[in-house]
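target-v9.pdb (PDB, C-alpha atoms, pLDDT in the B column) appears below.
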ATOM      1  CA  MET L   1      43.389   1.584 -13.882  1.00 63.00           C
ATOM      2  CA  SER L   2      41.691  -1.079 -11.845  1.00 72.00           C
ATOM      3  CA  LEU L   3      39.975  -0.062  -8.622  1.00 77.00           C
ATOM      4  CA  ARG L   4      40.342  -3.567  -7.238  1.00 74.00           C
ATOM      5  CA  SER L   5      42.895  -3.969  -4.466  1.00 76.00           C
ATOM      6  CA  PRO L   6      45.877  -6.285  -5.155  1.00 76.00           C
ATOM      7  CA  LEU L   7      44.565  -8.666  -2.464  1.00 75.00           C
ATOM      8  CA  GLY L   8      41.119  -8.676  -4.046  1.00 72.00           C
ATOM      9  CA  GLN L   9      42.625  -9.477  -7.416  1.00 71.00           C
ATOM     10  CA  ALA L  10      44.734 -12.263  -5.989  1.00 71.00           C
ATOM     11  CA  LYS L  11      41.765 -13.862  -4.259  1.00 73.00           C
ATOM     12  CA  GLY L  12      39.540 -13.425  -7.294  1.00 69.00           C
ATOM     13  CA  LEU L  13      36.486 -12.787  -5.142  1.00 67.00           C
ATOM     14  CA  GLY L  14      34.986  -9.916  -7.072  1.00 65.00           C
ATOM     15  CA  SER L  15      31.420  -9.389  -8.184  1.00 68.00           C
ATOM     16  CA  ALA L  16      29.673 -12.518  -9.390  1.00 66.00           C
ATOM     17  CA  LYS L  17      28.012 -10.244 -12.013  1.00 68.00           C
ATOM     18  CA  GLU L  18      24.556 -11.585 -11.255  1.00 73.00           C
ATOM     19  CA  GLY L  19      23.424  -9.083  -8.641  1.00 76.00           C
ATOM     20  CA  VAL L  20      21.758  -6.749 -11.120  1.00 87.00           C
ATOM     21  CA  HIS L  21      19.532  -9.461 -12.515  1.00 91.00           C
ATOM     22  CA  HIS L  22      18.441 -10.515  -9.017  1.00 93.00           C
ATOM     23  CA  TRP L  23      17.759  -6.898  -8.025  1.00 94.00           C
ATOM     24  CA  TRP L  24      15.923  -6.119 -11.261  1.00 95.00           C
ATOM     25  CA  ALA L  25      13.782  -9.284 -11.203  1.00 96.00           C
ATOM     26  CA  GLN L  26      12.745  -8.479  -7.629  1.00 96.00           C
ATOM     27  CA  ARG L  27      11.560  -5.003  -8.733  1.00 97.00           C
ATOM     28  CA  VAL L  28       9.757  -6.253 -11.845  1.00 97.00           C
ATOM     29  CA  THR L  29       7.858  -8.888  -9.835  1.00 98.00           C
ATOM     30  CA  ALA L  30       7.157  -6.293  -7.096  1.00 98.00           C
ATOM     31  CA  ILE L  31       5.550  -3.926  -9.607  1.00 98.00           C
ATOM     32  CA  ALA L  32       3.505  -6.762 -11.128  1.00 98.00           C
ATOM     33  CA  LEU L  33       2.342  -7.785  -7.649  1.00 98.00           C
ATOM     34  CA  ILE L  34       0.949  -4.343  -6.742  1.00 98.00           C
ATOM     35  CA  PRO L  35      -2.225  -4.603  -8.877  1.00 98.00           C
ATOM     36  CA  LEU L  36      -2.373  -8.426  -8.725  1.00 98.00           C
ATOM     37  CA  THR L  37      -2.387  -8.754  -4.913  1.00 97.00           C
ATOM     38  CA  VAL L  38      -4.868  -5.883  -4.408  1.00 97.00           C
ATOM     39  CA  TRP L  39      -7.202  -7.391  -7.021  1.00 97.00           C
ATOM     40  CA  PHE L  40      -6.915 -10.905  -5.556  1.00 97.00           C
ATOM     41  CA  ALA L  41      -7.318  -9.864  -1.899  1.00 96.00           C
ATOM     42  CA  PHE L  42     -10.513  -7.940  -2.619  1.00 94.00           C
ATOM     43  CA  LYS L  43     -11.827 -10.658  -4.944  1.00 94.00           C
ATOM     44  CA  VAL L  44     -11.406 -13.294  -2.222  1.00 93.00           C
ATOM     45  CA  ALA L  45     -13.022 -10.919   0.308  1.00 93.00           C
ATOM     46  CA  VAL L  46     -16.070 -10.509  -1.931  1.00 91.00           C
ATOM     47  CA  LEU L  47     -16.234 -14.290  -2.438  1.00 91.00           C
ATOM     48  CA  SER L  48     -15.634 -15.139   1.224  1.00 88.00           C
ATOM     49  CA  MET L  49     -19.145 -16.378   1.979  1.00 87.00           C
ATOM     50  CA  SER L  50     -20.145 -17.563  -1.490  1.00 90.00           C
ATOM     51  CA  ASP L  51     -20.961 -21.177  -2.249  1.00 92.00           C
ATOM     52  CA  TYR L  52     -18.814 -23.595  -4.260  1.00 94.00           C
ATOM     53  CA  ASN L  53     -20.418 -22.987  -7.663  1.00 94.00           C
ATOM     54  CA  THR L  54     -20.135 -19.195  -7.446  1.00 93.00           C
ATOM     55  CA  VAL L  55     -16.457 -19.390  -6.453  1.00 94.00           C
ATOM     56  CA  ILE L  56     -15.664 -21.928  -9.212  1.00 95.00           C
ATOM     57  CA  GLU L  57     -17.332 -19.716 -11.807  1.00 93.00           C
ATOM     58  CA  CYS L  58     -15.623 -16.552 -10.575  1.00 92.00           C
ATOM     59  CA  ILE L  59     -12.099 -17.986 -10.145  1.00 93.00           C
ATOM     60  CA  GLY L  60     -12.336 -20.137 -13.280  1.00 93.00           C
ATOM     61  CA  SER L  61     -13.337 -17.432 -15.774  1.00 94.00           C
ATOM     62  CA  PRO L  62     -10.549 -17.015 -18.381  1.00 94.00           C
ATOM     63  CA  TRP L  63      -9.390 -13.581 -17.216  1.00 95.00           C
ATOM     64  CA  SER L  64      -9.492 -14.481 -13.523  1.00 96.00           C
ATOM     65  CA  ALA L  65      -7.589 -17.691 -14.133  1.00 97.00           C
ATOM     66  CA  ALA L  66      -4.973 -15.866 -16.228  1.00 97.00           C
ATOM     67  CA  LEU L  67      -4.539 -13.201 -13.545  1.00 97.00           C
ATOM     68  CA  ILE L  68      -4.242 -15.798 -10.769  1.00 97.00           C
ATOM     69  CA  VAL L  69      -1.602 -17.740 -12.731  1.00 97.00           C
ATOM     70  CA  SER L  70       0.282 -14.444 -13.250  1.00 98.00           C
ATOM     71  CA  LEU L  71      -0.057 -13.719  -9.529  1.00 98.00           C
ATOM     72  CA  ILE L  72       1.294 -17.168  -8.655  1.00 98.00           C
ATOM     73  CA  VAL L  73       4.317 -16.864 -10.975  1.00 98.00           C
ATOM     74  CA  ALA L  74       5.177 -13.331  -9.782  1.00 98.00           C
ATOM     75  CA  ALA L  75       4.560 -14.086  -6.083  1.00 98.00           C
ATOM     76  CA  PHE L  76       6.593 -17.294  -5.929  1.00 98.00           C
ATOM     77  CA  TYR L  77       9.458 -15.815  -7.948  1.00 98.00           C
ATOM     78  CA  HIS L  78       9.444 -12.735  -5.682  1.00 98.00           C
ATOM     79  CA  ALA L  79       9.347 -14.980  -2.585  1.00 98.00           C
ATOM     80  CA  ALA L  80      12.281 -17.091  -3.826  1.00 98.00           C
ATOM     81  CA  LEU L  81      14.382 -13.964  -4.499  1.00 97.00           C
ATOM     82  CA  GLY L  82      13.500 -12.481  -1.104  1.00 97.00           C
ATOM     83  CA  MET L  83      14.197 -15.650   0.864  1.00 97.00           C
ATOM     84  CA  GLN L  84      17.582 -15.914  -0.883  1.00 96.00           C
ATOM     85  CA  VAL L  85      18.556 -12.470   0.456  1.00 96.00           C
ATOM     86  CA  ILE L  86      17.450 -13.417   3.978  1.00 97.00           C
ATOM     87  CA  TYR L  87      19.511 -16.638   3.884  1.00 97.00           C
ATOM     88  CA  GLU L  88      22.535 -14.805   2.448  1.00 95.00           C
ATOM     89  CA  ASP L  89      22.385 -12.265   5.274  1.00 95.00           C
ATOM     90  CA  TYR L  90      21.949 -14.625   8.214  1.00 96.00           C
ATOM     91  CA  ILE L  91      23.445 -18.026   7.334  1.00 96.00           C
ATOM     92  CA  GLY L  92      27.223 -17.955   7.662  1.00 94.00           C
ATOM     93  CA  ARG L  93      28.075 -21.521   6.719  1.00 96.00           C
ATOM     94  CA  LYS L  94      28.226 -21.750   2.942  1.00 95.00           C
ATOM     95  CA  ALA L  95      27.004 -25.341   2.657  1.00 97.00           C
ATOM     96  CA  ILE L  96      23.921 -24.630   4.791  1.00 97.00           C
ATOM     97  CA  ARG L  97      23.281 -21.346   2.980  1.00 97.00           C
ATOM     98  CA  ILE L  98      23.405 -22.908  -0.503  1.00 97.00           C
ATOM     99  CA  SER L  99      21.269 -25.839   0.666  1.00 98.00           C
ATOM    100  CA  ALA L 100      18.657 -23.503   2.179  1.00 98.00           C
ATOM    101  CA  ILE L 101      18.462 -21.390  -0.994  1.00 97.00           C
ATOM    102  CA  MET L 102      18.249 -24.442  -3.247  1.00 98.00           C
ATOM    103  CA  GLY L 103      15.722 -26.225  -1.043  1.00 98.00           C
ATOM    104  CA  THR L 104      13.512 -23.139  -0.853  1.00 98.00           C
ATOM    105  CA  ASN L 105      13.675 -22.611  -4.618  1.00 98.00           C
ATOM    106  CA  LEU L 106      12.688 -26.212  -5.318  1.00 98.00           C
ATOM    107  CA  LEU L 107       9.879 -26.189  -2.735  1.00 98.00           C
ATOM    108  CA  LEU L 108       8.459 -22.881  -3.989  1.00 98.00           C
ATOM    109  CA  PHE L 109       8.602 -24.183  -7.572  1.00 98.00           C
ATOM    110  CA  LEU L 110       6.615 -27.255  -6.528  1.00 98.00           C
ATOM    111  CA  LEU L 111       4.003 -25.135  -4.706  1.00 98.00           C
ATOM    112  CA  ALA L 112       3.709 -22.794  -7.707  1.00 98.00           C
ATOM    113  CA  ALA L 113       3.307 -25.744 -10.092  1.00 98.00           C
ATOM    114  CA  ALA L 114       0.611 -27.292  -7.870  1.00 97.00           C
ATOM    115  CA  SER L 115      -1.336 -24.008  -7.688  1.00 97.00           C
ATOM    116  CA  ILE L 116      -1.123 -23.411 -11.442  1.00 97.00           C
ATOM    117  CA  ILE L 117      -2.397 -26.933 -12.142  1.00 97.00           C
ATOM    118  CA  ALA L 118      -5.245 -26.335  -9.667  1.00 97.00           C
ATOM    119  CA  VAL L 119      -6.219 -23.050 -11.385  1.00 97.00           C
ATOM    120  CA  VAL L 120      -6.048 -24.649 -14.857  1.00 96.00           C
ATOM    121  CA  ARG L 121      -8.220 -27.504 -13.638  1.00 95.00           C
ATOM    122  CA  ILE L 122     -10.772 -25.050 -12.218  1.00 95.00           C
ATOM    123  CA  ALA L 123     -10.715 -23.037 -15.452  1.00 95.00           C
ATOM    124  CA  VAL L 124     -11.298 -25.989 -17.782  1.00 93.00           C
ATOM    125  CA  GLY L 125     -13.873 -27.451 -15.408  1.00 82.00           C
ATOM    126  CA  GLY L 126     -12.148 -30.820 -14.827  1.00 57.00           C
TER     127      GLY L 126
ATOM    128  CA  MET I   1      43.869  15.986  20.064  1.00 51.00           C
ATOM    129  CA  SER I   2      40.986  16.444  17.640  1.00 59.00           C
ATOM    130  CA  SER I   3      39.609  12.992  18.321  1.00 65.00           C
ATOM    131  CA  ASN I   4      37.221  14.410  20.956  1.00 74.00           C
ATOM    132  CA  ASN I   5      35.047  15.838  18.187  1.00 80.00           C
ATOM    133  CA  ARG I   6      34.554  12.578  16.377  1.00 82.00           C
ATOM    134  CA  PRO I   7      30.999  11.243  16.119  1.00 83.00           C
ATOM    135  CA  LEU I   8      30.206   8.471  18.569  1.00 80.00           C
ATOM    136  CA  SER I   9      28.536   5.155  17.952  1.00 80.00           C
ATOM    137  CA  PRO I  10      25.028   4.968  19.427  1.00 77.00           C
ATOM    138  CA  HIS I  11      25.042   4.062  23.114  1.00 81.00           C
ATOM    139  CA  LEU I  12      23.099   0.825  22.936  1.00 79.00           C
ATOM    140  CA  ASP I  13      21.686   1.071  26.501  1.00 82.00           C
ATOM    141  CA  VAL I  14      19.992   4.412  25.750  1.00 83.00           C
ATOM    142  CA  TYR I  15      19.329   3.764  22.044  1.00 82.00           C
ATOM    143  CA  ARG I  16      15.732   3.970  20.875  1.00 84.00           C
ATOM    144  CA  LEU I  17      15.108   2.039  17.669  1.00 86.00           C
ATOM    145  CA  PRO I  18      13.848   4.552  15.074  1.00 89.00           C
ATOM    146  CA  LEU I  19      10.458   3.820  13.518  1.00 94.00           C
ATOM    147  CA  SER I  20      12.057   3.445  10.083  1.00 93.00           C
ATOM    148  CA  ALA I  21      14.403   0.737  11.444  1.00 94.00           C
ATOM    149  CA  LEU I  22      11.475  -1.084  13.027  1.00 95.00           C
ATOM    150  CA  LEU I  23       9.530  -0.989   9.745  1.00 96.00           C
ATOM    151  CA  SER I  24      12.605  -2.305   7.931  1.00 96.00           C
ATOM    152  CA  VAL I  25      12.702  -5.338  10.231  1.00 96.00           C
ATOM    153  CA  VAL I  26       8.935  -5.805   9.875  1.00 97.00           C
ATOM    154  CA  HIS I  27       9.248  -5.641   6.070  1.00 98.00           C
ATOM    155  CA  ARG I  28      11.644  -8.567   6.117  1.00 97.00           C
ATOM    156  CA  GLY I  29       9.551 -10.394   8.719  1.00 98.00           C
ATOM    157  CA  THR I  30       6.324 -10.010   6.769  1.00 98.00           C
ATOM    158  CA  GLY I  31       8.178 -11.115   3.622  1.00 98.00           C
ATOM    159  CA  GLY I  32       9.204 -14.374   5.289  1.00 97.00           C
ATOM    160  CA  PHE I  33       5.762 -14.793   6.830  1.00 97.00           C
ATOM    161  CA  LEU I  34       4.058 -14.279   3.453  1.00 98.00           C
ATOM    162  CA  THR I  35       6.364 -16.877   1.880  1.00 97.00           C
ATOM    163  CA  ILE I  36       5.154 -19.408   4.469  1.00 97.00           C
ATOM    164  CA  GLY I  37       1.640 -17.981   3.992  1.00 95.00           C
ATOM    165  CA  THR I  38       1.642 -18.990   0.309  1.00 96.00           C
ATOM    166  CA  ILE I  39       0.927 -22.498   1.645  1.00 94.00           C
ATOM    167  CA  ALA I  40      -2.555 -21.229   2.641  1.00 94.00           C
ATOM    168  CA  LEU I  41      -3.124 -19.935  -0.905  1.00 95.00           C
ATOM    169  CA  VAL I  42      -1.941 -23.204  -2.480  1.00 97.00           C
ATOM    170  CA  TRP I  43      -4.083 -25.206  -0.062  1.00 97.00           C
ATOM    171  CA  TRP I  44      -7.202 -23.107  -0.813  1.00 96.00           C
ATOM    172  CA  LEU I  45      -6.735 -23.387  -4.607  1.00 97.00           C
ATOM    173  CA  LEU I  46      -6.121 -27.153  -4.386  1.00 97.00           C
ATOM    174  CA  ALA I  47      -9.216 -27.540  -2.194  1.00 97.00           C
ATOM    175  CA  LEU I  48     -11.266 -25.597  -4.744  1.00 96.00           C
ATOM    176  CA  ALA I  49      -9.908 -27.749  -7.591  1.00 96.00           C
ATOM    177  CA  GLY I  50     -10.619 -30.884  -5.551  1.00 95.00           C
ATOM    178  CA  GLY I  51     -14.400 -30.459  -5.644  1.00 94.00           C
ATOM    179  CA  GLU I  52     -17.273 -29.218  -3.523  1.00 95.00           C
ATOM    180  CA  GLU I  53     -16.553 -31.371  -0.472  1.00 96.00           C
ATOM    181  CA  SER I  54     -12.891 -30.396  -0.051  1.00 96.00           C
ATOM    182  CA  PHE I  55     -13.735 -26.743  -0.785  1.00 96.00           C
ATOM    183  CA  ASN I  56     -16.431 -26.667   1.912  1.00 95.00           C
ATOM    184  CA  SER I  57     -14.098 -28.112   4.548  1.00 95.00           C
ATOM    185  CA  ALA I  58     -11.423 -25.568   3.597  1.00 95.00           C
ATOM    186  CA  GLN I  59     -13.981 -22.753   3.858  1.00 92.00           C
ATOM    187  CA  GLN I  60     -15.103 -24.106   7.213  1.00 93.00           C
ATOM    188  CA  PHE I  61     -11.553 -23.980   8.561  1.00 94.00           C
ATOM    189  CA  MET I  62     -10.954 -20.482   7.160  1.00 91.00           C
ATOM    190  CA  GLY I  63     -14.196 -19.354   8.825  1.00 90.00           C
ATOM    191  CA  SER I  64     -13.188 -20.732  12.249  1.00 93.00           C
ATOM    192  CA  PHE I  65     -11.539 -18.573  14.907  1.00 95.00           C
ATOM    193  CA  ILE I  66      -8.042 -19.949  14.194  1.00 95.00           C
ATOM    194  CA  GLY I  67      -8.588 -19.648  10.438  1.00 94.00           C
ATOM    195  CA  ARG I  68      -9.707 -16.047  10.727  1.00 94.00           C
ATOM    196  CA  LEU I  69      -6.786 -15.215  13.009  1.00 95.00           C
ATOM    197  CA  ILE I  70      -4.362 -16.622  10.407  1.00 95.00           C
ATOM    198  CA  LEU I  71      -6.144 -14.705   7.638  1.00 95.00           C
ATOM    199  CA  LEU I  72      -6.058 -11.474   9.678  1.00 96.00           C
ATOM    200  CA  GLY I  73      -2.294 -11.801  10.141  1.00 96.00           C
ATOM    201  CA  TRP I  74      -1.987 -12.778   6.485  1.00 96.00           C
ATOM    202  CA  THR I  75      -3.899  -9.747   5.179  1.00 97.00           C
ATOM    203  CA  PHE I  76      -2.053  -7.285   7.422  1.00 97.00           C
ATOM    204  CA  ALA I  77       1.316  -8.784   6.440  1.00 98.00           C
ATOM    205  CA  LEU I  78       0.319  -8.555   2.774  1.00 98.00           C
ATOM    206  CA  PHE I  79      -0.820  -4.932   2.911  1.00 98.00           C
ATOM    207  CA  PHE I  80       2.139  -3.859   5.034  1.00 98.00           C
ATOM    208  CA  HIS I  81       4.641  -5.524   2.692  1.00 98.00           C
ATOM    209  CA  LEU I  82       2.760  -3.990  -0.253  1.00 98.00           C
ATOM    210  CA  SER I  83       2.735  -0.421   1.122  1.00 98.00           C
ATOM    211  CA  ASN I  84       6.310  -0.543   2.378  1.00 98.00           C
ATOM    212  CA  GLY I  85       7.338  -2.234  -0.892  1.00 98.00           C
ATOM    213  CA  ILE I  86       5.937   0.731  -2.822  1.00 98.00           C
ATOM    214  CA  ARG I  87       7.989   2.994  -0.536  1.00 97.00           C
ATOM    215  CA  HIS I  88      11.063   0.904  -1.420  1.00 97.00           C
ATOM    216  CA  LEU I  89      10.327   1.469  -5.121  1.00 97.00           C
ATOM    217  CA  VAL I  90      10.119   5.223  -4.454  1.00 97.00           C
ATOM    218  CA  TRP I  91      13.520   5.021  -2.713  1.00 97.00           C
ATOM    219  CA  ASP I  92      14.885   3.024  -5.671  1.00 96.00           C
ATOM    220  CA  ALA I  93      13.820   5.919  -7.910  1.00 96.00           C
ATOM    221  CA  GLY I  94      15.854   8.227  -5.669  1.00 95.00           C
ATOM    222  CA  TYR I  95      13.132  10.089  -3.782  1.00 96.00           C
ATOM    223  CA  CYS I  96      12.143  10.574  -0.125  1.00 94.00           C
ATOM    224  CA  PHE I  97      15.536   9.915   1.460  1.00 94.00           C
ATOM    225  CA  GLU I  98      15.440  12.933   3.809  1.00 94.00           C
ATOM    226  CA  LYS I  99      15.003  12.140   7.482  1.00 92.00           C
ATOM    227  CA  GLU I 100      11.652  13.969   7.692  1.00 94.00           C
ATOM    228  CA  ALA I 101      10.362  12.274   4.521  1.00 95.00           C
ATOM    229  CA  VAL I 102      11.337   8.833   5.850  1.00 95.00           C
ATOM    230  CA  GLU I 103       9.587   9.577   9.164  1.00 95.00           C
ATOM    231  CA  LYS I 104       6.459  10.864   7.408  1.00 96.00           C
ATOM    232  CA  THR I 105       6.215   8.001   4.906  1.00 97.00           C
ATOM    233  CA  SER I 106       6.670   5.506   7.784  1.00 97.00           C
ATOM    234  CA  TYR I 107       3.392   6.741   9.262  1.00 97.00           C
ATOM    235  CA  ILE I 108       1.745   6.731   5.819  1.00 98.00           C
ATOM    236  CA  VAL I 109       2.830   3.100   5.286  1.00 98.00           C
ATOM    237  CA  LEU I 110       1.389   2.078   8.681  1.00 98.00           C
ATOM    238  CA  GLY I 111      -1.838   4.011   8.086  1.00 98.00           C
ATOM    239  CA  VAL I 112      -2.378   2.622   4.596  1.00 98.00           C
ATOM    240  CA  SER I 113      -1.710  -0.977   5.668  1.00 98.00           C
ATOM    241  CA  VAL I 114      -4.150  -0.733   8.604  1.00 98.00           C
ATOM    242  CA  PHE I 115      -6.741   0.987   6.365  1.00 98.00           C
ATOM    243  CA  LEU I 116      -6.516  -1.647   3.594  1.00 98.00           C
ATOM    244  CA  THR I 117      -6.664  -4.489   6.153  1.00 97.00           C
ATOM    245  CA  LEU I 118      -9.826  -3.023   7.712  1.00 97.00           C
ATOM    246  CA  LEU I 119     -11.336  -2.342   4.276  1.00 97.00           C
ATOM    247  CA  VAL I 120     -10.836  -5.905   3.025  1.00 96.00           C
ATOM    248  CA  TRP I 121     -12.392  -7.322   6.223  1.00 95.00           C
ATOM    249  CA  ILE I 122     -15.328  -4.913   6.123  1.00 94.00           C
ATOM    250  CA  ILE I 123     -15.975  -5.946   2.507  1.00 94.00           C
ATOM    251  CA  ALA I 124     -15.684  -9.634   3.463  1.00 93.00           C
ATOM    252  CA  PHE I 125     -18.206  -9.253   6.292  1.00 90.00           C
ATOM    253  CA  PHE I 126     -20.744  -6.950   4.634  1.00 88.00           C
ATOM    254  CA  PHE I 127     -20.460  -7.823   0.936  1.00 80.00           C
ATOM    255  CA  GLY I 128     -18.996 -11.316   1.261  1.00 72.00           C
ATOM    256  CA  ALA I 129     -22.061 -13.131  -0.005  1.00 62.00           C
ATOM    257  CA  GLY I 130     -22.229 -11.658  -3.515  1.00 49.00           C
ATOM    258  CA  ALA I 131     -19.917 -12.460  -6.421  1.00 42.00           C
TER     259      ALA I 131
END
Could you spell out this file's structure in structure tokens?
Amino acid sequence: MSLRSPLGQAKGLGSAKEGVHHWWAQRVTAIALIPLTVWFAFKVAVLSMSDYNTVIECIGSPWSAALIVSLIVAAFYHAALGMQVIYEDYIGRKAIRISAIMGTNLLLFLLAAASIIAVVRIAVGG
Amino acid sequence: MSSNNRPLSPHLDVYRLPLSALLSVVHRGTGGFLTIGTIALVWWLLALAGGEESFNSAQQFMGSFIGRLILLGWTFALFFHLSNGIRHLVWDAGYCFEKEAVEKTSYIVLGVSVFLTLLVWIIAFFFGAGA
């Protein structure tokens, strides 16, 4: 027996079957971000008055660089998922909603790519 | 007529927003703010990758009054979203849904986010010179 109403079946507007992945990815990135953000915030605090060479050495060490790249990937993915929910809740017009989600995703991807390239450059000492 | 016993909607002119509702709004607000705030992170990393000169000018801006004000808002938003996010994960696991538990954890979330914000700034000011 289907629990869908006859009207719902006729319209075909059921679950898009992608909600679980969105929800799950948001939780996985959230858990990853707990240690990563605490580590990064306190690292930057400790480095706040250091000179250029100290910061380069500290940020560019292999483990630091790897953790910062992980932080960037998790943070931007988490941000994209979160902004999507905000747009879906508040933007009624479908065209504007889809455009806002797509535009934000593309912009956040670009920012993430730029930061990763910066960290790699610091790490290899370019 | 049994309809007299039905629960009423909140009267909006005498309705006080519960703390948990306020924190829910702030969670979303800080989430959006932190998304915009990633620009500061990207900018700082690009300045560092760009060499000593660009790094020093970035540090100079971050050390100015406006820069520090942005960073203060940034750190509080981060630690609030972090603490309240952990509370969301606890809810996802099915715990702490009772009214008293929600009220109590609301104060814990606020306390922890203020404490972590103060701690990170104290470390920056008193231990900020060493690596």
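Between atom CA of Glu18 of chain L and atom CA of His81 of chain I there is a distance of 25.1 Å.
Of the residues under consideration (I:Ser57, I:Thr117, I:Pro10, I:Thr38), I:Thr38 shows the shortest atom-to-atom contact distance to Leu110 of chain L when counting all atoms listed in the file.
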Taking only C-alpha atoms into account, find every residue of chain L that has an atom no more than 10 Å from chain I, and write it out as a PDB file with C-alpha atoms, in the frame of the given file.
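Heads up, here's the output in out_24.pdb:
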ATOM      1  CA  ARG L  27      11.560  -5.003  -8.733  1.00 97.00           C
ATOM      2  CA  ALA L  30       7.157  -6.293  -7.096  1.00 98.00           C
ATOM      3  CA  ILE L  31       5.550  -3.926  -9.607  1.00 98.00           C
ATOM      4  CA  LEU L  33       2.342  -7.785  -7.649  1.00 98.00           C
ATOM      5  CA  ILE L  34       0.949  -4.343  -6.742  1.00 98.00           C
ATOM      6  CA  PRO L  35      -2.225  -4.603  -8.877  1.00 98.00           C
ATOM      7  CA  THR L  37      -2.387  -8.754  -4.913  1.00 97.00           C
ATOM      8  CA  VAL L  38      -4.868  -5.883  -4.408  1.00 97.00           C
ATOM      9  CA  ALA L  41      -7.318  -9.864  -1.899  1.00 96.00           C
ATOM     10  CA  PHE L  42     -10.513  -7.940  -2.619  1.00 94.00           C
ATOM     11  CA  LYS L  43     -11.827 -10.658  -4.944  1.00 94.00           C
ATOM     12  CA  VAL L  44     -11.406 -13.294  -2.222  1.00 93.00           C
ATOM     13  CA  ALA L  45     -13.022 -10.919   0.308  1.00 93.00           C
ATOM     14  CA  VAL L  46     -16.070 -10.509  -1.931  1.00 91.00           C
ATOM     15  CA  LEU L  47     -16.234 -14.290  -2.438  1.00 91.00           C
ATOM     16  CA  SER L  48     -15.634 -15.139   1.224  1.00 88.00           C
ATOM     17  CA  MET L  49     -19.145 -16.378   1.979  1.00 87.00           C
ATOM     18  CA  SER L  50     -20.145 -17.563  -1.490  1.00 90.00           C
ATOM     19  CA  ASP L  51     -20.961 -21.177  -2.249  1.00 92.00           C
ATOM     20  CA  TYR L  52     -18.814 -23.595  -4.260  1.00 94.00           C
ATOM     21  CA  ASN L  53     -20.418 -22.987  -7.663  1.00 94.00           C
ATOM     22  CA  THR L  54     -20.135 -19.195  -7.446  1.00 93.00           C
ATOM     23  CA  VAL L  55     -16.457 -19.390  -6.453  1.00 94.00           C
ATOM     24  CA  ILE L  56     -15.664 -21.928  -9.212  1.00 95.00           C
ATOM     25  CA  GLU L  57     -17.332 -19.716 -11.807  1.00 93.00           C
ATOM     26  CA  CYS L  58     -15.623 -16.552 -10.575  1.00 92.00           C
ATOM     27  CA  ILE L  59     -12.099 -17.986 -10.145  1.00 93.00           C
ATOM     28  CA  GLY L  60     -12.336 -20.137 -13.280  1.00 93.00           C
ATOM     29  CA  ILE L  72       1.294 -17.168  -8.655  1.00 98.00           C
ATOM     30  CA  ALA L  75       4.560 -14.086  -6.083  1.00 98.00           C
ATOM     31  CA  PHE L  76       6.593 -17.294  -5.929  1.00 98.00           C
ATOM     32  CA  HIS L  78       9.444 -12.735  -5.682  1.00 98.00           C
ATOM     33  CA  ALA L  79       9.347 -14.980  -2.585  1.00 98.00           C
ATOM     34  CA  ALA L  80      12.281 -17.091  -3.826  1.00 98.00           C
ATOM     35  CA  GLY L  82      13.500 -12.481  -1.104  1.00 97.00           C
ATOM     36  CA  MET L  83      14.197 -15.650   0.864  1.00 97.00           C
ATOM     37  CA  VAL L  85      18.556 -12.470   0.456  1.00 96.00           C
ATOM     38  CA  ILE L  86      17.450 -13.417   3.978  1.00 97.00           C
ATOM     39  CA  THR L 104      13.512 -23.139  -0.853  1.00 98.00           C
ATOM     40  CA  LEU L 108       8.459 -22.881  -3.989  1.00 98.00           C
ATOM     41  CA  LEU L 111       4.003 -25.135  -4.706  1.00 98.00           C
ATOM     42  CA  ALA L 112       3.709 -22.794  -7.707  1.00 98.00           C
ATOM     43  CA  ALA L 113       3.307 -25.744 -10.092  1.00 98.00           C
ATOM     44  CA  ALA L 114       0.611 -27.292  -7.870  1.00 97.00           C
ATOM     45  CA  SER L 115      -1.336 -24.008  -7.688  1.00 97.00           C
ATOM     46  CA  ILE L 116      -1.123 -23.411 -11.442  1.00 97.00           C
ATOM     47  CA  ILE L 117      -2.397 -26.933 -12.142  1.00 97.00           C
ATOM     48  CA  ALA L 118      -5.245 -26.335  -9.667  1.00 97.00           C
ATOM     49  CA  VAL L 119      -6.219 -23.050 -11.385  1.00 97.00           C
ATOM     50  CA  VAL L 120      -6.048 -24.649 -14.857  1.00 96.00           C
ATOM     51  CA  ARG L 121      -8.220 -27.504 -13.638  1.00 95.00           C
ATOM     52  CA  ILE L 122     -10.772 -25.050 -12.218  1.00 95.00           C
ATOM     53  CA  ALA L 123     -10.715 -23.037 -15.452  1.00 95.00           C
ATOM     54  CA  GLY L 125     -13.873 -27.451 -15.408  1.00 82.00           C
ATOM     55  CA  GLY L 126     -12.148 -30.820 -14.827  1.00 57.00           C
TER      56      GLY L 126
END
All residues 10 Å or closer to Leu23 of chain I, all atoms listed in the file, same chain fewer than 5 positions away omitted, as a PDB file with C-alpha atoms, in the frame of the given file:
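Saved file around-v4.pdb follows:
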ATOM      1  CA  PRO I  18      13.848   4.552  15.074  1.00 89.00           C
ATOM      2  CA  ARG I  28      11.644  -8.567   6.117  1.00 97.00           C
ATOM      3  CA  GLY I  29       9.551 -10.394   8.719  1.00 98.00           C
ATOM      4  CA  PHE I  80       2.139  -3.859   5.034  1.00 98.00           C
ATOM      5  CA  HIS I  81       4.641  -5.524   2.692  1.00 98.00           C
ATOM      6  CA  ASN I  84       6.310  -0.543   2.378  1.00 98.00           C
ATOM      7  CA  SER I 106       6.670   5.506   7.784  1.00 97.00           C
ATOM      8  CA  TYR I 107       3.392   6.741   9.262  1.00 97.00           C
ATOM      9  CA  VAL I 109       2.830   3.100   5.286  1.00 98.00           C
ATOM     10  CA  LEU I 110       1.389   2.078   8.681  1.00 98.00           C
TER      11      LEU I 110
END
Show me, as JSON, the centre and edge lengths in Å to one decimal of the axis-aligned box that covers every listed atom of segment 39-51 of chain I with 5 Å on each side.
{"center_x": -6.7, "center_y": -25.4, "center_z": -2.5, "size_x": 25.3, "size_y": 20.9, "size_z": 20.2}
